file model14.txt (compact mmCIF, C-alpha atoms and all ligand atoms)
# COMPACT_ATOMS: atom_id res chain seq x y z
CA MET K 1 71.30 62.62 -5.73
CA THR K 2 69.34 60.76 -3.11
CA ARG K 3 71.04 59.28 -0.11
CA ILE K 4 69.97 55.69 0.43
CA PRO K 5 69.43 55.01 4.13
CA GLU K 6 71.82 52.12 4.16
CA THR K 7 75.57 51.88 4.56
CA ALA K 8 77.94 49.45 3.02
CA ALA K 9 77.71 46.42 5.21
CA SER K 10 80.97 44.58 5.65
CA GLY K 11 81.89 42.53 2.65
CA LEU K 12 79.59 44.33 0.21
CA THR K 13 81.06 46.71 -2.37
CA PRO K 14 79.47 50.18 -2.16
CA VAL K 15 78.29 51.27 -5.62
CA ALA K 16 76.50 54.21 -7.21
CA SER K 17 73.24 53.52 -9.03
CA TYR K 18 72.69 55.48 -12.25
CA ALA K 19 69.38 55.74 -14.14
CA ARG K 20 68.34 57.72 -17.18
CA THR K 21 65.32 57.96 -19.44
CA SER K 22 65.51 59.71 -22.78
CA GLU K 23 63.24 62.55 -23.70
CA ASP K 24 61.05 60.43 -25.94
CA PHE K 25 59.67 58.75 -22.83
CA ARG K 26 56.10 59.60 -21.89
CA LYS K 27 56.07 63.07 -20.38
CA GLY K 28 56.46 63.35 -16.63
CA ASP K 29 56.63 59.61 -16.17
CA GLU K 30 59.29 58.88 -13.62
CA HIS K 31 58.46 55.20 -13.55
CA GLY K 32 61.28 54.63 -15.94
CA VAL K 33 64.03 55.87 -13.66
CA ARG K 34 62.43 54.49 -10.48
CA ASN K 35 62.25 51.09 -12.10
CA GLN K 36 65.86 51.25 -13.22
CA HIS K 37 67.02 52.07 -9.69
CA ARG K 38 64.95 49.16 -8.35
CA ILE K 39 66.57 46.80 -10.86
CA ASN K 40 69.98 48.27 -10.03
CA GLU K 41 69.48 47.59 -6.35
CA LEU K 42 68.63 43.97 -7.08
CA THR K 43 71.51 43.62 -9.53
CA ALA K 44 73.89 45.06 -6.94
CA ARG K 45 72.72 42.58 -4.29
CA GLN K 46 73.12 39.65 -6.66
CA ASN K 47 76.71 40.67 -7.35
CA GLY K 48 77.95 41.29 -3.82
CA CYS K 49 77.39 45.04 -3.96
CA VAL K 50 75.17 47.55 -2.23
CA VAL K 51 73.82 50.81 -3.61
CA VAL K 52 74.96 53.76 -1.47
CA SER K 53 73.82 56.62 -3.67
CA THR K 54 71.61 57.21 -6.71
CA TYR K 55 72.09 59.50 -9.68
CA THR K 56 69.20 60.26 -11.99
CA ASP K 57 68.67 62.00 -15.30
CA ASN K 58 64.99 61.98 -16.14
CA ALA K 59 64.01 62.78 -19.73
CA ARG K 60 67.59 63.52 -20.72
CA SER K 61 69.12 62.52 -24.01
CA ALA K 62 72.58 61.00 -23.94
CA PHE K 63 73.36 61.58 -27.57
CA LYS K 64 72.53 65.25 -28.08
CA PRO K 65 75.75 67.16 -27.55
CA GLY K 66 75.21 69.84 -24.98
CA ALA K 67 72.11 68.25 -23.44
CA GLY K 68 72.89 68.76 -19.77
CA ARG K 69 72.91 65.65 -17.63
CA ALA K 70 73.31 66.84 -14.06
CA GLY K 71 73.07 63.34 -12.61
CA PHE K 72 75.79 62.01 -14.88
CA ASP K 73 78.02 64.99 -14.12
CA ARG K 74 77.61 64.46 -10.37
CA LEU K 75 78.37 60.76 -10.79
CA ILE K 76 81.58 61.60 -12.64
CA SER K 77 82.77 64.06 -10.00
CA ASP K 78 81.89 61.69 -7.14
CA LEU K 79 83.79 58.88 -8.87
CA ARG K 80 86.80 61.15 -9.34
CA ARG K 81 86.68 62.12 -5.67
CA GLY K 82 86.02 58.55 -4.57
CA ASN K 83 83.05 59.31 -2.37
CA THR K 84 79.58 60.84 -2.31
CA PHE K 85 79.07 64.37 -1.00
CA ASP K 86 78.64 63.05 2.52
CA GLY K 87 81.88 61.09 2.42
CA THR K 88 80.52 57.58 1.76
CA PRO K 89 83.10 55.75 -0.36
CA VAL K 90 82.04 54.64 -3.84
CA LYS K 91 83.74 51.63 -5.37
CA GLY K 92 81.78 51.19 -8.56
CA VAL K 93 78.70 51.84 -10.63
CA VAL K 94 75.57 49.81 -11.28
CA CYS K 95 73.34 50.52 -14.24
CA VAL K 96 70.74 48.56 -16.23
CA ALA K 97 72.80 48.93 -19.44
CA ASP K 98 75.76 50.91 -20.81
CA ASP K 99 73.62 53.06 -23.07
CA ARG K 100 72.00 54.65 -20.02
CA LEU K 101 75.45 56.10 -19.21
CA TYR K 102 76.86 57.01 -22.60
CA ARG K 103 75.93 57.22 -26.23
CA ARG K 104 78.82 59.38 -27.27
CA ALA K 105 82.57 58.73 -27.31
CA GLU K 106 83.44 61.64 -25.06
CA ASP K 107 81.03 60.48 -22.37
CA LEU K 108 82.50 56.98 -22.53
CA ALA K 109 85.96 58.50 -22.15
CA ARG K 110 84.85 60.63 -19.19
CA PHE K 111 83.14 57.69 -17.55
CA VAL K 112 86.00 55.22 -17.96
CA GLU K 113 88.50 57.82 -16.81
CA ALA K 114 86.50 58.65 -13.68
CA LEU K 115 85.69 54.99 -12.90
CA THR K 116 89.27 53.79 -13.23
CA CYS K 117 90.99 56.75 -11.59
CA GLN K 118 91.29 54.62 -8.44
CA PRO K 119 92.07 50.91 -8.24
CA GLY K 120 89.56 48.25 -7.30
CA ARG K 121 86.47 49.74 -8.95
CA VAL K 122 83.74 47.62 -10.57
CA TYR K 123 81.06 48.12 -13.19
CA VAL K 124 77.89 46.09 -12.65
CA ASP K 125 74.92 45.56 -14.89
CA GLN K 126 72.42 42.78 -15.50
CA ASN K 127 75.14 40.76 -17.22
CA GLY K 128 77.15 40.75 -14.02
CA VAL K 129 80.35 42.41 -12.85
CA ARG K 130 82.73 43.88 -15.39
CA ASP K 131 86.35 44.69 -14.63
CA PRO K 132 86.88 48.12 -16.19
CA TYR K 133 90.67 47.82 -16.06
CA THR K 134 90.91 44.86 -18.41
CA LYS K 135 91.02 44.68 -22.17
CA GLU K 136 87.75 42.72 -22.19
CA GLY K 137 86.05 45.30 -19.98
CA LEU K 138 87.06 48.18 -22.21
CA LEU K 139 86.19 46.28 -25.36
CA GLN K 140 82.68 45.60 -24.09
CA ALA K 141 82.23 49.27 -23.25
CA VAL K 142 83.39 50.35 -26.71
CA MET K 143 81.15 47.80 -28.41
CA SER K 144 78.14 49.05 -26.46
CA LEU K 145 79.00 52.56 -27.56
CA GLU K 146 79.19 51.50 -31.16
CA ALA K 147 75.81 49.80 -30.99
CA ALA K 148 74.31 52.88 -29.32
CA THR K 149 75.78 55.20 -31.95
CA ALA K 150 74.34 53.13 -34.78
CA GLU K 151 70.93 53.10 -33.12
CA THR K 152 71.10 56.83 -32.52
CA GLU K 153 71.74 57.46 -36.20
CA ILE K 154 68.78 55.36 -37.25
CA ARG K 155 66.53 57.09 -34.74
CA GLY K 156 67.77 60.53 -35.81
CA GLN K 157 67.01 59.69 -39.42
CA ARG K 158 63.55 58.43 -38.50
CA LEU K 159 62.81 61.58 -36.55
CA ARG K 160 63.99 63.80 -39.41
CA ASN K 161 61.80 61.85 -41.82
CA TRP K 162 58.86 62.26 -39.49
CA HIS K 163 59.36 66.01 -39.22
CA TRP K 164 59.79 66.21 -42.95
CA SER K 165 56.63 64.30 -43.81
CA ARG K 166 54.62 66.37 -41.30
CA ALA K 167 56.11 69.49 -42.79
CA MET K 168 55.21 68.39 -46.32
CA ASP K 169 51.63 67.94 -45.16
CA GLY K 170 51.72 71.52 -43.95
CA VAL K 171 51.16 70.42 -40.39
CA PRO K 172 52.66 72.77 -37.78
CA HIS K 173 55.73 71.78 -35.79
CA SER K 174 55.32 70.03 -32.53
CA GLY K 175 56.85 71.80 -29.54
CA PRO K 176 55.94 75.09 -27.86
CA ARG K 177 53.46 77.24 -29.78
CA PRO K 178 55.08 79.81 -32.04
CA PHE K 179 54.75 83.46 -31.07
CA GLY K 180 51.74 84.93 -32.84
CA ARG K 181 49.68 81.72 -32.80
CA GLN K 182 47.09 80.21 -30.49
CA GLU K 183 47.72 76.86 -28.85
CA ASP K 184 46.42 75.09 -31.98
CA ARG K 185 49.47 76.65 -33.74
CA ILE K 186 47.23 77.57 -36.67
CA THR K 187 44.86 80.32 -35.57
CA LEU K 188 46.36 83.75 -35.07
CA HIS K 189 46.85 85.18 -31.60
CA PRO K 190 45.23 88.61 -32.12
CA VAL K 191 47.65 90.67 -29.98
CA GLU K 192 50.87 88.87 -30.87
CA ALA K 193 50.04 88.57 -34.57
CA SER K 194 49.46 92.31 -34.84
CA LEU K 195 52.79 92.92 -33.08
CA VAL K 196 54.49 90.65 -35.60
CA ARG K 197 52.78 92.41 -38.53
CA LYS K 198 53.77 95.84 -37.23
CA ALA K 199 57.35 94.70 -36.58
CA ILE K 200 57.64 93.37 -40.14
CA GLU K 201 56.30 96.62 -41.61
CA ASP K 202 58.57 98.70 -39.37
CA ARG K 203 61.59 96.64 -40.29
CA ILE K 204 60.88 96.92 -44.01
CA GLY K 205 60.53 100.66 -43.38
CA GLY K 206 64.07 100.72 -42.02
CA LYS K 207 63.67 100.33 -38.26
CA ALA K 208 66.53 98.76 -36.29
CA ILE K 209 65.73 95.33 -34.92
CA GLY K 210 67.04 96.38 -31.50
CA ALA K 211 64.48 99.20 -31.40
CA ILE K 212 61.67 96.76 -32.17
CA ALA K 213 62.86 94.40 -29.44
CA LYS K 214 62.96 97.29 -26.98
CA GLU K 215 59.46 98.32 -27.97
CA TRP K 216 58.21 94.81 -27.27
CA CYS K 217 59.99 94.81 -23.91
CA ASP K 218 58.46 98.15 -22.99
CA LEU K 219 55.03 96.76 -23.83
CA GLY K 220 55.69 93.86 -21.49
CA VAL K 221 55.66 91.29 -24.30
CA ARG K 222 56.93 87.85 -23.33
CA GLY K 223 57.94 84.92 -25.56
CA THR K 224 55.85 81.75 -25.53
CA ARG K 225 58.37 80.27 -23.13
CA GLY K 226 58.34 83.36 -20.94
CA GLY K 227 61.54 84.94 -22.22
CA THR K 228 62.05 88.67 -22.75
CA PRO K 229 62.30 89.69 -26.41
CA ASN K 230 65.78 90.44 -27.71
CA PRO K 231 67.04 91.20 -31.23
CA GLN K 232 67.75 87.51 -31.93
CA THR K 233 64.37 86.18 -30.84
CA VAL K 234 62.50 88.98 -32.63
CA THR K 235 64.48 88.28 -35.82
CA GLN K 236 63.69 84.61 -35.50
CA ILE K 237 59.98 85.25 -34.99
CA ILE K 238 59.48 87.71 -37.83
CA THR K 239 61.64 85.95 -40.43
CA ALA K 240 60.12 82.51 -39.88
CA PRO K 241 58.36 81.49 -43.13
CA ARG K 242 55.18 80.70 -41.23
CA VAL K 243 54.46 84.46 -41.01
CA CYS K 244 53.42 84.29 -44.67
CA GLY K 245 51.99 80.78 -44.50
CA PHE K 246 55.07 79.01 -45.85
CA ARG K 247 56.68 76.03 -44.29
CA GLY K 248 60.30 75.71 -43.22
CA ASN K 249 62.15 72.61 -42.13
CA ARG K 250 65.64 72.42 -40.72
CA GLY K 251 66.52 75.90 -41.91
CA GLU K 252 65.26 75.55 -45.46
CA LEU K 253 62.10 76.65 -47.16
CA LEU K 254 60.11 73.57 -48.02
CA LEU K 255 59.31 73.23 -51.69
CA ASP K 256 56.87 70.77 -53.12
CA PRO K 257 59.06 68.33 -55.08
CA ASP K 258 56.38 68.07 -57.81
CA THR K 259 55.70 71.73 -58.42
CA GLY K 260 58.79 73.49 -57.03
CA GLN K 261 56.45 75.86 -55.21
CA ALA K 262 56.71 76.69 -51.52
CA VAL K 263 54.66 74.36 -49.36
CA VAL K 264 51.83 76.33 -47.82
CA GLY K 265 51.06 75.40 -44.23
CA GLN K 266 47.65 75.10 -42.68
CA TRP K 267 48.16 78.26 -40.67
CA GLU K 268 46.79 81.71 -41.30
CA ALA K 269 49.28 84.12 -42.80
CA ILE K 270 50.22 87.38 -41.03
CA VAL K 271 51.83 89.03 -44.05
CA SER K 272 52.11 88.21 -47.77
CA PRO K 273 54.93 86.08 -49.20
CA ASP K 274 56.26 89.20 -50.96
CA GLN K 275 56.41 91.11 -47.70
CA TRP K 276 58.21 88.19 -46.05
CA ARG K 277 60.79 88.04 -48.87
CA THR K 278 61.34 91.79 -48.67
CA LEU K 279 61.78 91.52 -44.92
CA CYS K 280 64.33 88.72 -45.25
CA ARG K 281 66.38 90.85 -47.61
CA THR K 282 66.86 93.41 -44.82
CA PHE K 283 68.93 90.89 -42.84
CA SER K 284 72.30 89.38 -43.56
CA ALA K 285 71.97 85.72 -44.51
CA GLY K 286 73.53 84.42 -41.30
CA SER K 287 70.95 85.95 -39.01
CA LEU K 288 67.96 84.66 -40.93
CA PHE K 289 65.71 82.00 -39.52
CA MET K 290 65.87 80.26 -42.88
CA HIS K 291 69.58 79.75 -42.79
CA ARG K 292 69.51 77.96 -39.52
CA GLY K 293 68.30 74.50 -38.82
CA SER K 294 67.09 73.91 -35.31
CA GLY K 295 70.60 72.84 -34.34
CA ALA K 296 72.52 75.45 -36.29
CA PRO K 297 74.34 78.12 -34.32
CA ARG K 298 72.97 81.62 -34.24
CA LEU K 299 75.13 84.02 -36.08
CA THR K 300 73.89 87.26 -34.58
CA GLY K 301 75.26 88.25 -31.22
CA ARG K 302 77.41 85.16 -31.28
CA LYS K 303 80.49 85.05 -29.11
CA ALA K 304 83.58 84.35 -31.16
CA GLY K 305 84.30 80.66 -30.57
CA PRO K 306 87.38 78.76 -31.66
CA ARG K 307 87.92 79.16 -35.39
CA TYR K 308 90.32 76.33 -36.17
CA LEU K 309 90.20 72.65 -35.38
CA ALA K 310 93.19 72.66 -33.02
CA SER K 311 92.60 76.09 -31.47
CA GLY K 312 93.36 75.86 -27.76
CA PHE K 313 94.95 72.41 -27.97
CA LEU K 314 98.47 73.41 -29.02
CA ARG K 315 101.42 74.23 -26.74
CA CYS K 316 104.65 75.79 -27.90
CA GLY K 317 107.50 73.28 -27.73
CA ALA K 318 110.34 75.75 -28.33
CA ASP K 319 113.22 75.77 -25.86
CA THR K 320 113.52 78.84 -23.70
CA GLU K 321 116.79 80.39 -22.60
CA ALA K 322 116.22 78.90 -19.16
CA GLY K 323 116.34 75.47 -20.79
CA ASP K 324 112.72 74.36 -20.41
CA LEU K 325 109.85 74.46 -22.90
CA CYS K 326 107.96 77.66 -23.67
CA ASN K 327 104.62 75.79 -23.31
CA PHE K 328 102.62 78.88 -24.31
CA LYS K 329 99.20 78.27 -25.87
CA MET K 330 99.46 78.61 -29.65
CA GLY K 331 96.69 80.49 -31.41
CA GLY K 332 95.35 80.00 -34.93
CA SER K 333 95.22 82.74 -37.54
CA ARG K 334 94.64 83.18 -41.22
CA SER K 335 97.75 83.28 -43.37
CA SER K 336 98.05 84.54 -46.91
CA GLN K 337 101.59 83.36 -47.39
CA SER K 338 100.91 79.92 -48.72
CA LYS K 339 98.16 78.09 -50.55
CA LYS K 340 99.10 74.92 -48.75
CA SER K 341 98.66 76.58 -45.37
CA PRO K 342 95.77 79.02 -45.42
CA HIS K 343 95.92 79.08 -41.64
CA VAL K 344 98.73 78.69 -39.15
CA TYR K 345 99.09 78.18 -35.42
CA ALA K 346 101.74 80.29 -33.72
CA CYS K 347 103.23 81.03 -30.33
CA CYS K 348 102.47 84.68 -29.93
CA GLY K 349 105.48 86.64 -28.71
CA SER K 350 103.90 90.05 -28.92
CA ALA K 351 101.32 89.14 -26.28
CA GLY K 352 104.21 89.17 -23.84
CA ARG K 353 104.32 85.69 -22.39
CA GLY K 354 105.02 83.45 -25.37
CA CYS K 355 108.42 83.15 -27.02
CA GLY K 356 107.11 83.87 -30.53
CA ARG K 357 109.60 81.46 -32.03
CA CYS K 358 107.32 78.61 -33.08
CA ALA K 359 104.70 78.47 -35.82
CA ILE K 360 103.24 75.57 -37.76
CA SER K 361 101.02 75.06 -40.77
CA GLY K 362 97.37 74.65 -39.78
CA PRO K 363 96.52 71.85 -42.24
CA LEU K 364 99.68 70.01 -41.14
CA VAL K 365 98.46 69.99 -37.54
CA ASP K 366 94.90 69.09 -38.52
CA ASP K 367 96.23 66.21 -40.62
CA ALA K 368 98.54 65.03 -37.87
CA ILE K 369 95.64 64.93 -35.41
CA GLU K 370 93.53 62.97 -37.86
CA ARG K 371 96.37 60.46 -38.33
CA LEU K 372 96.63 60.02 -34.56
CA LEU K 373 92.89 59.60 -34.11
CA PHE K 374 92.44 57.19 -37.00
CA PRO K 375 95.69 55.31 -37.48
CA GLU K 376 96.13 52.70 -40.17
CA ALA K 377 94.80 49.30 -39.17
CA GLY K 378 96.65 47.79 -36.27
CA ASN K 379 98.84 50.79 -35.49
CA GLY K 380 98.48 53.67 -33.13
CA ARG K 381 97.14 54.11 -29.66
CA VAL K 382 93.43 54.74 -30.08
CA ARG K 383 90.64 52.78 -31.62
CA LEU K 384 87.57 54.95 -31.86
CA PRO K 385 84.33 53.31 -32.96
CA ALA K 386 84.11 52.79 -36.72
CA SER K 387 81.01 54.97 -36.86
CA ILE K 388 82.97 57.94 -35.53
CA ARG K 389 85.75 57.39 -38.06
CA GLN K 390 83.22 57.10 -40.84
CA ARG K 391 81.40 60.30 -39.88
CA TRP K 392 84.64 62.23 -39.42
CA MET K 393 86.15 61.07 -42.72
CA SER K 394 82.98 61.57 -44.74
CA GLY K 395 82.76 65.16 -43.59
CA GLU K 396 79.44 64.47 -41.92
CA MET K 397 80.78 65.39 -38.48
CA GLY K 398 80.59 69.06 -37.58
CA PHE K 399 83.37 71.27 -36.30
CA GLU K 400 82.24 71.32 -32.66
CA GLU K 401 81.81 67.56 -32.48
CA LYS K 402 85.24 67.01 -34.00
CA ARG K 403 86.73 69.24 -31.32
CA LYS K 404 84.92 67.22 -28.67
CA VAL K 405 86.32 63.99 -30.06
CA ILE K 406 89.81 65.54 -29.92
CA ALA K 407 89.21 66.72 -26.36
CA SER K 408 88.08 63.26 -25.31
CA VAL K 409 91.35 61.68 -26.43
CA PHE K 410 94.04 64.34 -26.02
CA THR K 411 94.97 66.78 -23.29
CA CYS K 412 96.99 68.87 -25.74
CA PHE K 413 99.69 68.69 -28.41
CA VAL K 414 103.23 70.00 -28.03
CA ILE K 415 104.56 71.58 -31.22
CA ARG K 416 108.28 71.48 -31.98
CA PRO K 417 109.61 74.46 -33.97
CA GLY K 418 110.18 73.71 -37.63
CA VAL K 419 113.39 73.96 -39.63
CA LYS K 420 113.66 76.84 -42.08
CA GLY K 421 113.24 76.06 -45.75
CA ASN K 422 110.69 74.51 -48.03
CA ARG K 423 110.48 71.02 -46.65
CA PRO K 424 107.83 68.31 -46.80
CA TRP K 425 105.42 68.16 -43.87
CA ASP K 426 106.98 66.72 -40.76
CA TYR K 427 104.22 65.12 -38.71
CA SER K 428 106.65 64.29 -35.92
CA ARG K 429 106.62 67.96 -34.94
CA VAL K 430 103.21 67.30 -33.37
CA THR K 431 103.61 65.39 -30.10
CA PRO K 432 100.29 64.31 -28.57
CA VAL K 433 99.66 64.35 -24.83
CA TRP K 434 97.16 61.53 -24.40
CA LYS K 435 94.37 62.04 -21.97
CA TRP K 436 94.23 58.68 -20.28
CA ALA K 437 97.06 56.80 -21.92
CA ASP K 438 99.12 56.27 -18.76
CA ARG K 439 96.14 54.96 -16.84
CA VAL K 440 94.99 52.71 -19.64
CA ALA K 441 98.52 51.53 -20.34
CA VAL K 442 98.72 50.22 -16.78
CA ALA K 443 95.21 48.79 -16.77
CA ASP K 444 95.55 47.30 -20.21
CA PRO K 445 98.93 45.67 -20.74
CA ASP K 446 97.83 44.11 -24.01
CA GLY K 447 97.33 47.51 -25.51
CA LEU K 448 93.74 47.69 -26.65
CA MET K 449 93.39 51.41 -26.23
CA ALA K 450 97.02 52.27 -25.74
CA GLY K 451 99.53 50.70 -28.06
CA ARG K 452 103.23 50.61 -27.76
ZN ZN I 1 106.76 79.76 -27.54
call {"tool": "encode", "arguments": {"input": "model14.txt", "output": "structure tokens", "more": "lines below"}}
Ligand SMILES: [Zn+2]
result
Amino acid sequence: MTRIPETAASGLTPVASYARTSEDFRKGDEHGVRNQHRINELTARQNGCVVVSTYTDNARSAFKPGAGRAGFDRLISDLRRGNTFDGTPVKGVVCVADDRLYRRAEDLARFVEALTCQPGRVYVDQNGVRDPYTKEGLLQAVMSLEAATAETEIRGQRLRNWHWSRAMDGVPHSGPRPFGRQEDRITLHPVEASLVRKAIEDRIGGKAIGAIAKEWCDLGVRGTRGGTPNPQTVTQIITAPRVCGFRGNRGELLLDPDTGQAVVGQWEAIVSPDQWRTLCRTFSAGSLFMHRGSGAPRLTGRKAGPRYLASGFLRCGADTEAGDLCNFKMGGSRSSQSKKSPHVYACCGSAGRGCGRCAISGPLVDDAIERLLFPEAGNGRVRLPASIRQRWMSGEMGFEEKRKVIASVFTCFVIRPGVKGNRPWDYSRVTPVWKWADRVAVADPDGLMAGR
């Protein structure tokens, strides 16, 4: 964040200027963000505002989940606090367009929450001042998000097609050079290639992958991005199909649609296809390069993340003897008792702090959450963009993204204990705690985001 040598003159609203360029901008070109800040300054002036601080994310995507945006994060925390780090009050945000700020629902939710957490804030862009507390203001923000999401999907598809057609031509990937290759990505790197060959032979001969990684470390080997070898990176390097001249794309071996044969890349092979296949058989499927697209999670050495959709979101709603709610976090687990409920969430009494008197069918909870997120037309409290509904319902949306959507709308869910006996599912046992319902309900009396 850069401090602008200027304070809010009387009568002008002090605002934060945000600028972002995406990573497909020309490398190292900061003109994009500098220009945006210049436009923002002008826009602020024209609308009775003055820029008191700037927040910048250069070459940062706003649609890749997990792509860190330090500038955006600082903006959010300053908005929540109400001032910049040096105590200058901030009363709004200026930006060239909404899609600089958010391209995903959870970022929109974070931004609106932070912006409207105090009264009297404004949002300014080249279309003028927007009142973020009104129905119109929110609607505009949601519409921008929807447009951005649609554009993102088209661009993602285009990029995948581009990678695919390059791959079919046997042209190497763009990006950092693979270990074992020269900068042209085709010619072998004599030292690294012989390391790879030896590692493959050793592994086929029964050597532990950890031992190979340690050997590389002891030799002072570094990855092409400077990292120290570890079992995961070594596995990735030696099981990549390029070691035998084959071509992979998004975690699958590329086959020529006409012949059904593996596409052979332009690069020199380090080992034979037979050796590569034999090598791959020494690993479990999950740890293989071929079973992971670039975005797929690594299965080796992976920390156990949440297993079920609502893991971590549920609170026990059983009454305690003291007369209040147990409120203990309910955990998910597999259950063999019922076909209808292959997993359950339960308040765990044995762990000491929970009451252990409340459990609920996993699919019931998952269904209830889906009903709350995507209510029948006209009902309910949330209206997420249609594209999100479509991707969720079609099964296109992954587990992690679904959990992020849930986290952007709900703080948690309180689960009421069930009644004994074989009864139909009672969705009313799941009481949502909405993330920004109270705030929106006040700001939005007509109930765009928060219904009655
Ligand atoms: Zn409990």
call {"tool": "atom_distance", "arguments": {"input": "model14.txt", "atom1": "atom CA of K:Arg80", "atom2": "atom CA of K:Met143"}}
result
24.0 Å
call {"tool": "closest_atom_pairs", "arguments": {"input": "model14.txt", "of": "chain K", "to": "ligand ZN 1 (chain I)", "cutoff": "9 Å", "atoms": "only C-alpha atoms and all ligand atoms", "output": "tab-separated table"}}
result
residue	atom	partner	partner_atom	distance
K:Arg315	CA	I:ZN1	ZN	7.7
K:Cys316	CA	I:ZN1	ZN	4.5
K:Gly317	CA	I:ZN1	ZN	6.5
K:Ala318	CA	I:ZN1	ZN	5.4
K:Asp319	CA	I:ZN1	ZN	7.8
K:Thr320	CA	I:ZN1	ZN	7.8
K:Leu325	CA	I:ZN1	ZN	7.7
K:Cys326	CA	I:ZN1	ZN	4.6
K:Asn327	CA	I:ZN1	ZN	6.2
K:Phe328	CA	I:ZN1	ZN	5.3
K:Lys329	CA	I:ZN1	ZN	7.9
K:Met330	CA	I:ZN1	ZN	7.7
K:Ala346	CA	I:ZN1	ZN	8.0
K:Cys347	CA	I:ZN1	ZN	4.7
K:Cys348	CA	I:ZN1	ZN	7.0
K:Gly349	CA	I:ZN1	ZN	7.1
K:Arg353	CA	I:ZN1	ZN	8.2
K:Gly354	CA	I:ZN1	ZN	4.6
K:Cys355	CA	I:ZN1	ZN	3.8
K:Gly356	CA	I:ZN1	ZN	5.1
K:Arg357	CA	I:ZN1	ZN	5.6
K:Cys358	CA	I:ZN1	ZN	5.7
K:Ala359	CA	I:ZN1	ZN	8.6
K:Pro417	CA	I:ZN1	ZN	8.8
call {"tool": "atom_distance", "arguments": {"input": "model14.txt", "atom1": "atom CA of K:Val196", "atom2": "atom CA of K:Gly180"}}
result
6.9 Å
call {"tool": "atom_distance", "arguments": {"input": "model14.txt", "atom1": "atom CA of K:Arg34", "atom2": "atom CA of K:Asp57"}}
result
10.9 Å
call {"tool": "closest_residue", "arguments": {"input": "model14.txt", "among": "K:Val221, K:Leu384, K:Leu364, K:Ala407", "to": "K:Tyr427", "atoms": "all atoms listed in the file"}}
result
K:Leu364
call {"tool": "residues_around", "arguments": {"input": "model14.txt", "residues": "K:Ala97", "least_positions_apart": "2", "cutoff": "12 Å", "atoms": "only C-alpha atoms", "output": "VMD selection string"}}
result
chain K and resid 17 to 21 36 to 37 39 to 40 43 93 to 95 99 to 103 123 to 130 140 to 141 144 to 145 147 to 148
call {"tool": "closest_residue", "arguments": {"input": "model14.txt", "among": "K:Thr278, K:Thr134, K:Thr56, K:Thr233", "to": "K:Arg121", "atoms": "all atoms listed in the file"}}
result
K:Thr134
call {"tool": "residues_around", "arguments": {"input": "model14.txt", "residues": "K:Pro178", "least_positions_apart": "4", "cutoff": "10 Å", "atoms": "only C-alpha atoms", "output": "list in words"}}
result
Pro172, His173, Ser174, Gln182, Glu183, Asp184, Arg185, Ile186, His189, Gly223, Thr224, Arg225, Ile237, Ala240 and Arg242 of chain K
call {"tool": "residues_around", "arguments": {"input": "model14.txt", "residues": "K:Met393", "least_positions_apart": "3", "cutoff": "12 Å", "atoms": "only C-alpha atoms", "output": "PDB file with C-alpha atoms, in the frame of the given file"}}
result
ATOM      1  CA  ASP K 367      96.230  66.210 -40.620  1.00  0.00           C
ATOM      2  CA  GLU K 370      93.530  62.970 -37.860  1.00  0.00           C
ATOM      3  CA  ARG K 371      96.370  60.460 -38.330  1.00  0.00           C
ATOM      4  CA  LEU K 373      92.890  59.600 -34.110  1.00  0.00           C
ATOM      5  CA  PHE K 374      92.440  57.190 -37.000  1.00  0.00           C
ATOM      6  CA  ALA K 386      84.110  52.790 -36.720  1.00  0.00           C
ATOM      7  CA  SER K 387      81.010  54.970 -36.860  1.00  0.00           C
ATOM      8  CA  ILE K 388      82.970  57.940 -35.530  1.00  0.00           C
ATOM      9  CA  ARG K 389      85.750  57.390 -38.060  1.00  0.00           C
ATOM     10  CA  GLN K 390      83.220  57.100 -40.840  1.00  0.00           C
ATOM     11  CA  GLU K 396      79.440  64.470 -41.920  1.00  0.00           C
ATOM     12  CA  MET K 397      80.780  65.390 -38.480  1.00  0.00           C
ATOM     13  CA  GLY K 398      80.590  69.060 -37.580  1.00  0.00           C
ATOM     14  CA  LYS K 402      85.240  67.010 -34.000  1.00  0.00           C
TER      15      LYS K 402
END
call {"tool": "residues_near_point", "arguments": {"input": "model14.txt", "point": "(97.4, 75.3, -37.7)", "cutoff": "9 Å", "atoms": "only C-alpha atoms", "output": "PyMOL selection string"}}
result
chain K and resi 308-311+314+330-333+341-346+359-366
call {"tool": "residues_around", "arguments": {"input": "model14.txt", "residues": "stretch 266-268 of chain K", "least_positions_apart": "2", "cutoff": "10 Å", "atoms": "only C-alpha atoms", "output": "PyMOL selection string"}}
result
chain K and resi 169-172+181+184-188+242-247+263-264+270-271
